[in-house]
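Worksheet for the structure shown next.
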Amino acid sequence: MKNRIFFFFSLLCLLFPASLFAGKNTGAVTGKVLDKGGQAVMFANVVLNTVADSSMVKVEPTGEDGVFTMANIPEGNYFIAITYVGFAEYLSAPFTVRAGETLQLPDIEMAESAVALEEVVVAAVRPLLEIKPDKMVFNVQGSVNATGNNALELLRKSPGVVVDNNENIMMLGKSGVRVYIDGKPSPLRGDDLAAYLKNLQSTEVDAIEIITNPSSKYDAEGNAGIINIKLKKDQRLGANANLNLGYSAGEVARYNTSLNGNFRGRKANVFGNYGYNNGEYAAFLDIYREQSGFRFDQKGIEGGDWSSHNFKLGADYFLDKRQTIGFLFSGYNSDFTWNSDTRTPMGMIGQTGIDSVLVAASNNAGGRNNLNFNLNYRFDKGDGKTWNVDVDYGRFRNVQDAYQPNYYYDASGQVVLRERINTTEMPTKINIYTFKVDREQPLWDGQLGAGLKLSLVRTDNDFDFFNLVDQIPVPDYGRTNQFVYEENINAAYLNYTRQFGKKFGLQLGLRMEQTNSTGDLTSALPVDDGHVVKHYLDFFPSSGLTYTLNDKNSFQLSYSRRINRPSYQDLNPFEYKLNELTYRRGDPFLRPEYANNVQLTHSFNYRLNTTLGFSHTKGLISDITDTLGLKAAYITYRNLADQYNYSLSLSSPFSITKWWSSYSNLTAYYTHNVADFGNGKAIDLDVKAVSFYSQQTFTLPWDLSFELSGWYNSPTIWGGNFKMDAMWSLNAGIQKKLANDRGSVKLAINDIFKSTNWHGVSIFGALYADMHGGWDSRRVSLNFTYLIGNTQVKSARNRKTGLEEEQGRIKTEN
């Protein structure tokens, strides 16, 4: 450990002496913001962005005279974005800042939001979609059809994003997406991530950023790219709070409420939010399979309920104009029940009759608890030189108890042949520690970024299995065990960006990650391979070249190498049962998957994006449905040999008339999965698929707006070996503004035709499986929002912590 600390301290010293060579090629830009009547717009937010990648350089509010000034700006090409309550967002044409000069922009006249539709803006809100060279931003707060949805349902509606039948998230036809929350990687993965997102209501989400090819300054985790979910922060100056109340009904009912507030003084800013969600869950899952001469026709219904509390409390203290220290305390606590009832007639293939019937249930109850602590220090000299330091601790505690009876009946279903009843207790403890430091500064007419990160993770999973004999639990030591996984990742990165004149921009980056992990499986009975140790060192280059043909056309060519590590639960060999013959378990020998991604993007008028992409993934981690013995089948996780993916994505927001705006996204992709596990278990599947999303927004009289949206996913591949049928959905909603835009009421209906049921077929070795499922997707939702207090309070800092990457690998459901 001492050698590692010395190594990273030495590296830090080597990374940053470049400040000795930093140039002073800086200039300034100033301007004045006016309303339509020529009056000054005070305290508007003015954001300076680079033309090369739309990255934010500086933010300044306008003064009482409407004037803003930004000094110490590195020489280069930029554009500004200006926002203020009641006005449409203003985007300037590109301009050039030259060293030693102050650029005076022409006076800027802000348009009232009511006429903003000519610029593809939903009335009184930001544009539904902002297309930038490095990402797409889906402004959820501007969508009526987001009403009543949770964050997972919002992702289904996001451009280029697909959420499959098992609630896995894909982007541009690829799995391995990393989810960030407020710019920080979530430690949750798979089912755990799905459970968290379902507890996060749309009223708490501000925007979804879709980053398909991240640079080296991001953690290398996530070979399909990054989805950053930005939670709401108050964007106004003053002390205020936002109250949200929501209710939705389908087969079962759900309701939610949240309150967020912000207070900003001269020396400090305090902010926080709290949300409560409560509801029920309803679904069905049918599995027909053939194996070893037998056939099984399982029909199942699922249900349950949950309640959750989400909270965040933070503060920033301004030591002076350059230095800020802050803390964040956030978390959630949830309780849940999940129950399934299955009936499985069994017989021989080729015979019409059945031999027996398995009637089983799985009754689960548990809770999830998460607490996150962050300390942050930021130094911003104002000339492009910044330091940012984060220290984080994350604590996760999951508890789940299950009661799982199995009754075998004769063919008539009247006589019990035998029974097997078992119970399980599955507590999980996860502790995550991270330290991260980032440095940025001008260098050689460009901007250099560098940083270090250290993370330590320990997961402790107990699996206690009992057979119920005469209602007395008897320990089954052959199936009871403990799995402890420890992981240390040491990372360092360099990232350099530079603009060459008005035409060309360059980004070069390199990230190094050293991983050390140990997995220990302990059981009362001897186990094979109970101790798994891994050490590996990886390098992840990234690069990007931008070319600005003219004011309306720009091109970007980018490359990155990415990694996707197994979630902590996917390494756990425990068995999670639906019934005695169908279950799921992890694999402690899973390896990380690696992907090389190349993308070419064309942007027209900063609104229309066309992206052509290719990726090759080695060792793709995928769900595989396999057999055990004569009658059992299970889902596990395996590394495929290769996946090849080609994609084409088109996105375009535009205004049809003054009262009708439209946004559409089309993604077409070709995917080829290849693997050979021996014993006749080979995979060689390819698919040509399309996903489409469109939203139409209509401005009506009397402060009303109406939205109609829908999405379609063509037949595709799920996991490694399932061929899936098409899915689609149509949604509608209406909104009414109240109390001078302080409040709003939204009414929406999702999945009008209940068309999101899914169906897929898998052939793997001697197993044929045909699966069909669905959930309570057709729902009517009502939401009320009201702003309390001052409408002019400046927002809290939108800062990242160092914990999100590790959090993204924790699953919240089994």
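Scheme for the structure tokens: letters A, B, ... for chains in order shown; per-chain residue numbers from 1; ligand numbers from 1 in order shown.
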Using only C-alpha atoms, what does the table of range 588-697 of chain A residues within 10 Å of range 729-749 of chain A look like, with each row giving the shortest atom pair and its distance in Å to one decimal, sorted by chain and ascending number, as CSV?
```
residue,atom,partner,partner_atom,distance
A:Tyr693,CA,A:Ser729,CA,9.6
A:Ser694,CA,A:Leu730,CA,9.7
A:Gln695,CA,A:Asn731,CA,9.2
A:Gln696,CA,A:Ala732,CA,9.6
A:Thr697,CA,A:Gly733,CA,9.6
```
Might you pull out every residue within 9 Å of Ala28 in chain A, with only C-alpha atoms counted and same-chain residues fewer than 3 positions away left off, and present them as a PDB file with C-alpha atoms, in the first residue's frame?
```pdb
ATOM      1  CA  THR A  69     -18.262  40.318 -18.520  1.00  0.00           C
ATOM      2  CA  MET A  70     -16.113  37.189 -18.670  1.00  0.00           C
ATOM      3  CA  ALA A  71     -12.365  37.714 -18.239  1.00  0.00           C
ATOM      4  CA  ASN A  72      -9.321  35.423 -18.581  1.00  0.00           C
ATOM      5  CA  ILE A  73     -10.857  33.354 -21.377  1.00  0.00           C
ATOM      6  CA  PRO A  74      -8.353  31.208 -23.319  1.00  0.00           C
ATOM      7  CA  VAL A  97     -11.943  35.297 -28.442  1.00  0.00           C
ATOM      8  CA  ARG A  98      -8.414  36.562 -29.194  1.00  0.00           C
ATOM      9  CA  ALA A  99      -5.523  36.964 -26.785  1.00  0.00           C
ATOM     10  CA  GLY A 100      -5.206  40.417 -25.238  1.00  0.00           C
ATOM     11  CA  GLU A 101      -8.544  41.613 -26.675  1.00  0.00           C
ATOM     12  CA  THR A 102     -12.016  42.206 -25.203  1.00  0.00           C
ATOM     13  CA  LEU A 103     -14.790  41.144 -27.561  1.00  0.00           C
ATOM     14  CA  GLN A 104     -17.894  43.339 -27.373  1.00  0.00           C
TER      15      GLN A 104
END
```
Selection: 10 Å around range 79-84 of chain A, only C-alpha atoms, excl. self and same-chain fewer than 6 positions, as an NGL selection string: :A and (33 or 41-51 or 54 or 56-62 or 90-96 or 108 or 110 or 112-113 or 126 or 235-236 or 792)
Exercise: Asn597 in chain A partners within 6 Å, only C-alpha atoms, chain neighbours under 4 positions left out, as a list in words
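Using only C-alpha atoms, the neighbours found are Tyr559, Ser560, Phe614 and Ser615 of chain A.
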Restricted to all heavy atoms, what would the selected residues look like written as a JSON list (two decimals), in the first residue's frame?
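Just written: out12.json:
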```json
[["chain", "number", "residue", "atom", "x", "y", "z"],
["A", 559, "TYR", "N", -12.83, 8.60, -30.95],
["A", 559, "TYR", "CA", -12.48, 7.22, -30.63],
["A", 559, "TYR", "C", -12.27, 7.10, -29.14],
["A", 559, "TYR", "O", -11.74, 8.02, -28.49],
["A", 559, "TYR", "CB", -11.19, 6.80, -31.36],
["A", 559, "TYR", "CG", -10.58, 5.54, -30.75],
["A", 559, "TYR", "CD1", -11.08, 4.28, -31.05],
["A", 559, "TYR", "CD2", -9.53, 5.64, -29.83],
["A", 559, "TYR", "CE1", -10.54, 3.14, -30.47],
["A", 559, "TYR", "CE2", -8.98, 4.50, -29.25],
["A", 559, "TYR", "CZ", -9.48, 3.26, -29.57],
["A", 559, "TYR", "OH", -8.97, 2.14, -28.99],
["A", 560, "SER", "N", -12.68, 5.97, -28.56],
["A", 560, "SER", "CA", -12.39, 5.71, -27.15],
["A", 560, "SER", "C", -12.37, 4.21, -26.91],
["A", 560, "SER", "O", -13.06, 3.44, -27.58],
["A", 560, "SER", "CB", -13.43, 6.37, -26.23],
["A", 560, "SER", "OG", -14.68, 5.75, -26.36],
["A", 614, "PHE", "N", -19.25, 2.58, -34.83],
["A", 614, "PHE", "CA", -18.83, 1.18, -34.86],
["A", 614, "PHE", "C", -18.18, 0.84, -33.53],
["A", 614, "PHE", "O", -17.44, 1.66, -32.96],
["A", 614, "PHE", "CB", -17.83, 0.92, -35.99],
["A", 614, "PHE", "CG", -17.13, -0.42, -35.86],
["A", 614, "PHE", "CD1", -17.80, -1.59, -36.20],
["A", 614, "PHE", "CD2", -15.83, -0.50, -35.37],
["A", 614, "PHE", "CE1", -17.17, -2.82, -36.07],
["A", 614, "PHE", "CE2", -15.20, -1.74, -35.23],
["A", 614, "PHE", "CZ", -15.87, -2.90, -35.58],
["A", 615, "SER", "N", -18.48, -0.36, -33.03],
["A", 615, "SER", "CA", -17.81, -0.81, -31.80],
["A", 615, "SER", "C", -17.55, -2.30, -31.89],
["A", 615, "SER", "O", -18.33, -3.06, -32.48],
["A", 615, "SER", "CB", -18.65, -0.48, -30.57],
["A", 615, "SER", "OG", -19.78, -1.33, -30.48]]
```
inquiry  = Using only C-alpha atoms, which protein or nucleic acid residues come within 8 Å of range 708-724 of chain A? Drop anything in the same chain fewer than 6 positions from it, and give the result as a PyMOL selection string.
reply    = chain A and resi 145+157+162+164+622-625+640+673+683+685-697+730-733+758-764
How about saving the chosen residues, C-alpha atoms kept, as a tab-separated table (two decimals), in the first residue's frame?
```tsv
chain	number	residue	atom	x	y	z
A	145	ASN	CA	-45.72	13.03	-21.09
A	157	LYS	CA	-38.53	7.59	-24.00
A	162	VAL	CA	-33.64	1.04	-25.18
A	164	ASP	CA	-35.31	-4.29	-22.57
A	622	SER	CA	-24.33	-11.26	-21.25
A	623	ASP	CA	-27.34	-13.07	-19.80
A	624	ILE	CA	-27.38	-16.73	-20.86
A	625	THR	CA	-30.25	-19.16	-20.24
A	640	LEU	CA	-19.13	-13.99	-25.03
A	673	ASN	CA	-22.86	-11.93	-31.17
A	683	ILE	CA	-23.87	-18.56	-30.26
A	685	LEU	CA	-26.63	-14.47	-33.87
A	686	ASP	CA	-26.98	-11.26	-35.80
A	687	VAL	CA	-29.81	-8.75	-36.10
A	688	LYS	CA	-30.62	-5.60	-38.04
A	689	ALA	CA	-32.74	-3.42	-35.75
A	690	VAL	CA	-34.32	0.03	-35.51
A	691	SER	CA	-35.48	2.12	-32.57
A	692	PHE	CA	-37.60	5.23	-33.11
A	693	TYR	CA	-38.90	7.95	-30.80
A	694	SER	CA	-41.05	10.96	-31.66
A	695	GLN	CA	-42.79	13.67	-29.66
A	696	GLN	CA	-45.24	16.29	-30.92
A	697	THR	CA	-46.02	19.34	-28.77
A	730	LEU	CA	-48.04	5.56	-27.58
A	731	ASN	CA	-48.50	8.24	-24.88
A	732	ALA	CA	-50.47	11.48	-24.54
A	733	GLY	CA	-50.68	14.32	-22.04
A	758	TRP	CA	-42.54	-8.64	-24.77
A	759	HIS	CA	-41.82	-12.02	-26.35
A	760	GLY	CA	-38.57	-13.85	-27.13
A	761	VAL	CA	-37.17	-17.24	-28.15
A	762	SER	CA	-33.81	-18.82	-27.28
A	763	ILE	CA	-32.10	-21.96	-28.58
A	764	PHE	CA	-28.94	-22.79	-26.63
```
Asn431 in chain A surroundings by only C-alpha atoms, 9 Å radius, close-in-sequence under 3 positions cut, as JSON, numbers by chain: {"A": [393, 394, 395, 396, 397, 456, 457, 458, 459, 460]}
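Among the candidates A:Ile472, A:Val67, A:Ile229, A:Ala641, the residue lying nearest to Ile208 in chain A is A:Ile229 (atoms considered: only C-alpha atoms).
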Would you pick out the contacts of Lys299 in chain A at 8 Å or less, using only C-alpha atoms, so that residues sharing its chain but fewer than 3 positions from it are not included, and give the list as a VMD selection string? chain A and resid 284 to 287 342 to 344
For the residues in that selection, give me C-alpha atoms as a CSV table (one decimal), in the first residue's frame.
```csv
chain,number,residue,atom,x,y,z
A,284,PHE,CA,-46.8,-11.7,-15.6
A,285,LEU,CA,-44.2,-14.0,-16.9
A,286,ASP,CA,-44.8,-17.2,-19.0
A,287,ILE,CA,-42.0,-19.6,-19.9
A,342,THR,CA,-46.4,-20.1,-10.9
A,343,ARG,CA,-48.1,-23.2,-12.3
A,344,THR,CA,-46.0,-25.6,-14.5
```
- A:Arg498, A:Lys552, A:Arg420, A:Lys429: which is nearest Gln569 in chain A, counting only C-alpha atoms?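 Among the listed residues, A:Lys429 lies closest to Gln569 in chain A.
Note that the spacing between CA of Pro427 in chain A and CA of Leu521 in chain A amounts to 15.1 Å.
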Just how far from CA of Gly246 in chain A is CA of Arg778 in chain A, in Å to one decimal?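 Going from CA of Arg778 in chain A over to CA of Gly246 in chain A, I get 16.2 Å.
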> Taking only C-alpha atoms into account, which of A:Ile489, A:Leu155, A:Ala365, A:Leu454 comes nearest Thr434 in chain A?
Replying inline: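 Ranking A:Ile489, A:Leu155, A:Ala365, A:Leu454 by distance to Thr434 in chain A, first place goes to A:Leu454.
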May I have a table of the residues of range 726-792 of chain A lying at most 10 Å from range 255-274 of chain A, giving each one's closest pair of atoms and their distance in Å to one decimal, counting only C-alpha atoms, ordered by chain and ascending residue number, as JSON lines?
```
{"residue": "A:Ser781", "atom": "CA", "partner": "A:Tyr255", "partner_atom": "CA", "distance": 9.2}
{"residue": "A:Leu782", "atom": "CA", "partner": "A:Tyr255", "partner_atom": "CA", "distance": 9.4}
{"residue": "A:Asn783", "atom": "CA", "partner": "A:Asn256", "partner_atom": "CA", "distance": 9.2}
{"residue": "A:Phe784", "atom": "CA", "partner": "A:Thr257", "partner_atom": "CA", "distance": 9.5}
{"residue": "A:Thr785", "atom": "CA", "partner": "A:Ser258", "partner_atom": "CA", "distance": 9.6}
{"residue": "A:Tyr786", "atom": "CA", "partner": "A:Leu259", "partner_atom": "CA", "distance": 9.9}
{"residue": "A:Leu787", "atom": "CA", "partner": "A:Gly261", "partner_atom": "CA", "distance": 9.6}
{"residue": "A:Ile788", "atom": "CA", "partner": "A:Gly261", "partner_atom": "CA", "distance": 9.0}
{"residue": "A:Gly789", "atom": "CA", "partner": "A:Gly261", "partner_atom": "CA", "distance": 9.6}
{"residue": "A:Asn790", "atom": "CA", "partner": "A:Phe263", "partner_atom": "CA", "distance": 9.7}
```
Written file, previous selection with C-alpha atoms, as a CSV table (one decimal), in the first residue's frame:
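What landed in out_15.csv:
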```csv
chain,number,residue,atom,x,y,z
A,781,SER,CA,-51.2,10.0,-14.1
A,782,LEU,CA,-52.0,13.3,-12.5
A,783,ASN,CA,-49.4,15.7,-11.2
A,784,PHE,CA,-49.4,19.1,-9.5
A,785,THR,CA,-46.4,21.4,-9.1
A,786,TYR,CA,-46.1,24.7,-7.3
A,787,LEU,CA,-43.2,27.1,-6.7
A,788,ILE,CA,-43.1,28.6,-3.2
A,789,GLY,CA,-41.1,31.7,-2.4
A,790,ASN,CA,-38.7,34.0,-4.3
```
- Select from range 272-430 of chain A everything DSSP, run on the backbone, classes as strand (DSSP E), then give the selection as number ranges by chain. A: 272-291, 294-318, 323-348, 356-380, 386-410, 416-425, 428-430
Which residue is closest to Lys631 in chain A? Choose from A:Gly347, A:Gly314, A:Gly331, A:Gly225 and count only C-alpha atoms.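 Among A:Gly347, A:Gly314, A:Gly331, A:Gly225, it is A:Gly347 that comes nearest to Lys631 in chain A.
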The residue from A:Gly38, A:Pro573, A:Pro345, A:Pro541 with the smallest atom-to-atom distance to Gly300 in chain A, counting only C-alpha atoms, is A:Pro345
Q.
Report, in Å with one decimal, the straight-line distance from CA of Tyr408 in chain A to CA of Val357 in chain A.
A.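 So the two atoms, CA of Tyr408 in chain A and CA of Val357 in chain A, lie 5.7 Å apart.
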